[in-house]
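Student: I'd like to ask some things about the structure below.
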Amino acid sequence: MTPFPARPATAGQTAWELAARRLLAKMIGEFAYEGIVSPRPDGPPADAYQLRVASDLGYRFRARRGAYGHWSVDPASLTPAADPLEFVVRAHDTLLGLAGDTTGHLIRELTATLSADVALAADPISAAELAELDHAALEGRQTGHPWLVANKGRLGFSAADAARWAPEARTARPLPWLAAHREFARYRGISTLASPEALYADELAAATREAFARTVAEQGRDPAHYLWLPVHPWQWDEKIAPLFAPQIAAGALISLPTDGDLRLPQQSIRTFLNVSRPHARTVKLPLSILNTLVWRGLPTERTLAAPAVTGWVHAVRDGDPFLAEETRPVLLGEIASVTVEHPLYDRLPTVPYQYRELLGCIWREPIGPGLGAGERARTLAALLWTDTTGRSLTAELVERSGLSTRSWLRSLFAALLPPLLHFLYRYGTVFSPHGENTLVVFDERDIPVRLAVKDFVDDVNLSAEPLPEFDAIPRQVREVLLTEPPGFLTQFIHSGLFVGVFRYLAPLCERELGVAEVDFWSLVRAEILHYQHRFPELKHRFETFDLLTPCIERLCLNRNRLHLDGYRDRAQRPHAVVHGTVANPLHTR
């Protein structure tokens, strides 16, 4: 298979038209992958397809097929005019089977996504320039979730909000803080940060702490009765000020000045890197916008449990020689949290979940202190990034490493897979290693050497089948982490890493680096088998958590939005929907 390269705009083609053409190609490809649409062969040539939308409209295009049933649609080949918004208008009821409200919101999300894509394209850089960026700067150059079509919808943001707070704005800003009365606010921290005073002594200068205490005292309140936390300005204006108005009037919430540090939004939008003090902790804040399937708040129960989950995950790593001494994954712990409950909404489990995730903060370890001399970290999603000439960051890094492509890929898989497999097989525990919350640590030659992972409390799942290793898990951790049947637990690695990242990386490596896709997946399988040969005593676990089955269930993200949940309010967060199966490329190679 020879995937189609990215192409720059042609003469007379606007940035919007180019972005629209690419988005429609992605839409057709991902909808075909999920079985939402079924393009038909239209050849010769063999890679020609047609998608009939109506009696008077059919799209023709070229596409290559890949592992897991992947479709790679050539944007330049699309005819007639490639407009994803018009496609939805023409296809929403007949071909896509969408409800009217879903159609309306989807057009809005797609328009916002296109606007963000055009903003990203307005300041292009080369793959070589991207390779020089640090982790913080790299975040503002990413193009969003490769699988989800409306990946930058951000419902709730105005155009001004997006220009101010979206990661592609690449603008660091100060955050205001709040004082929250302990009647509603609770603090949790790892053992070394058992008290909020210990956290604040680390995070805030003495002058800032004095200013915060003085501000509270000036309101006639005792500073010892309050906890401090940063707040997203959008969240304050749109949600906190109106919904916590009684608590503000009563002095239970008091506005504080900023701490003065400049913070930069990451791809998740609600998580901020401290660029004034890069070794300071990042902060994760609730942001009640709808983006990539869910409202981006902070669930109360999970925010409270985050430090306990971190303490357990760190204890597993530190107590296991294979993890602590050989693979040495960087587990970016969520080491402290402040949760502020709404006095009404948090007592109502049937109200939409967005109203039970309004106010709080999680402090997370930054990547910098976890890196060794000469090492640098890049988000896994960055490996899919391609510049306007069609050159990818992956190709740039392979060239800089001096290794052959196969050797470089072996290093990548050896960095990523062994720690993930060890947590799965030895401890019945999986991370969701998708492109945004997984980082690759590179050495001074840009060779992948280690894995870094974040988002434990949201993306760690346990086997529903009890294992002896679970006896050491603290009760609070067991109660908050989700569980899945053993046969489904492997889906987090398949869908997060193999389908969510490698499904795109494999054809990219074939196109630019000459590694056939079949060889790419053979290298992935070889790394899994290498781990299994290393730990033969876990043979029964390899069978229980089988990554090499002939087929896997096909998880669908776009189908969830289009057909299952739409844009309706729910009491609980939605999950990906399963639709059929796809062949597993790891089965026989």
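In the structure tokens, chains take letters A, B, ... by order of appearance, with residues numbered from 1 within each chain and ligands from 1 in the order shown.
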Where does DSSP see strand (DSSP E) in stretch 30-129 of chain A, if you list the residues as number ranges by chain?

Tutor: A: 40-41, 48-54, 57-66, 70-73

Student: Out of A:Leu420, A:Ala20, A:Leu555, A:Leu98, which residue has the shortest atom-to-atom distance to A:Glu86 when counting only C-alpha atoms?

Tutor: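 Smallest separation from A:Glu86 among the options: A:Ala20.
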
Student: Kindly provide the residues of stretch 383-467 of chain A that approach stretch 370-377 of chain A to within 7 Å, each paired with its closest atom pair and their distance in Å to one decimal, based on only C-alpha atoms, listed by chain and increasing number, as a tab-separated table.

Tutor:
```
residue	atom	partner	partner_atom	distance
A:Leu439	CA	A:Ala377	CA	6.1
A:Val440	CA	A:Ala377	CA	5.6
A:Val441	CA	A:Ala377	CA	4.4
A:Phe442	CA	A:Arg376	CA	5.4
A:Asp443	CA	A:Glu375	CA	4.5
A:Glu444	CA	A:Gly374	CA	4.8
```

Student: So, counting only C-alpha atoms, which residue among A:Gly360, A:Pro343, A:Gly251, A:Gly390 is closest to A:Glu301?

Tutor: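 Among the listed residues, the smallest separation from A:Glu301 belongs to A:Gly360.
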
Student: Within 9 Å of A:Gly333, counting only C-alpha atoms, which residues qualify if same-chain residues fewer than 3 places away don't, as a PyMOL selection string?

Tutor: chain A and resi 306-307+309-311+313-314+330+336+363-366+453-456

Student: As a list in words, please: all residues of stretch 545-578 of chain A that backbone DSSP puts in helix (DSSP H, G or I).

Tutor: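 Selection result, helix (DSSP H, G or I) within stretch 545-578 of chain A: Asn558, Arg559, Asn560, Arg561, Leu562, His563 and Leu564 of chain A.
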
Student: Could you save the residues just selected, with N, CA, C and O atoms, as a PDB file, in the first residue's frame?

Tutor:
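Contents of out_37.pdb, as written:
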```
ATOM      1  N   ASN A 558     -16.587   8.343  16.262  1.00  0.00           N
ATOM      2  CA  ASN A 558     -17.490   9.220  15.521  1.00  0.00           C
ATOM      3  C   ASN A 558     -18.921   8.695  15.548  1.00  0.00           C
ATOM      4  O   ASN A 558     -19.871   9.470  15.605  1.00  0.00           O
ATOM      5  N   ARG A 559     -19.088   7.386  15.513  1.00  0.00           N
ATOM      6  CA  ARG A 559     -20.414   6.790  15.569  1.00  0.00           C
ATOM      7  C   ARG A 559     -21.117   7.149  16.891  1.00  0.00           C
ATOM      8  O   ARG A 559     -22.340   7.309  16.932  1.00  0.00           O
ATOM      9  N   ASN A 560     -20.335   7.271  17.957  1.00  0.00           N
ATOM     10  CA  ASN A 560     -20.915   7.669  19.236  1.00  0.00           C
ATOM     11  C   ASN A 560     -21.601   9.018  19.101  1.00  0.00           C
ATOM     12  O   ASN A 560     -22.747   9.201  19.526  1.00  0.00           O
ATOM     13  N   ARG A 561     -20.892   9.971  18.528  1.00  0.00           N
ATOM     14  CA  ARG A 561     -21.454  11.313  18.376  1.00  0.00           C
ATOM     15  C   ARG A 561     -22.639  11.313  17.405  1.00  0.00           C
ATOM     16  O   ARG A 561     -23.671  11.937  17.656  1.00  0.00           O
ATOM     17  N   LEU A 562     -22.520  10.601  16.287  1.00  0.00           N
ATOM     18  CA  LEU A 562     -23.532  10.662  15.242  1.00  0.00           C
ATOM     19  C   LEU A 562     -24.798   9.888  15.586  1.00  0.00           C
ATOM     20  O   LEU A 562     -25.909  10.347  15.294  1.00  0.00           O
ATOM     21  N   HIS A 563     -24.625   8.709  16.208  1.00  0.00           N
ATOM     22  CA  HIS A 563     -25.769   7.804  16.322  1.00  0.00           C
ATOM     23  C   HIS A 563     -26.154   7.409  17.744  1.00  0.00           C
ATOM     24  O   HIS A 563     -27.299   7.013  17.970  1.00  0.00           O
ATOM     25  N   LEU A 564     -25.222   7.493  18.693  1.00  0.00           N
ATOM     26  CA  LEU A 564     -25.549   6.998  20.032  1.00  0.00           C
ATOM     27  C   LEU A 564     -25.936   8.132  20.969  1.00  0.00           C
ATOM     28  O   LEU A 564     -27.073   8.202  21.456  1.00  0.00           O
TER      29      LEU A 564
END
```
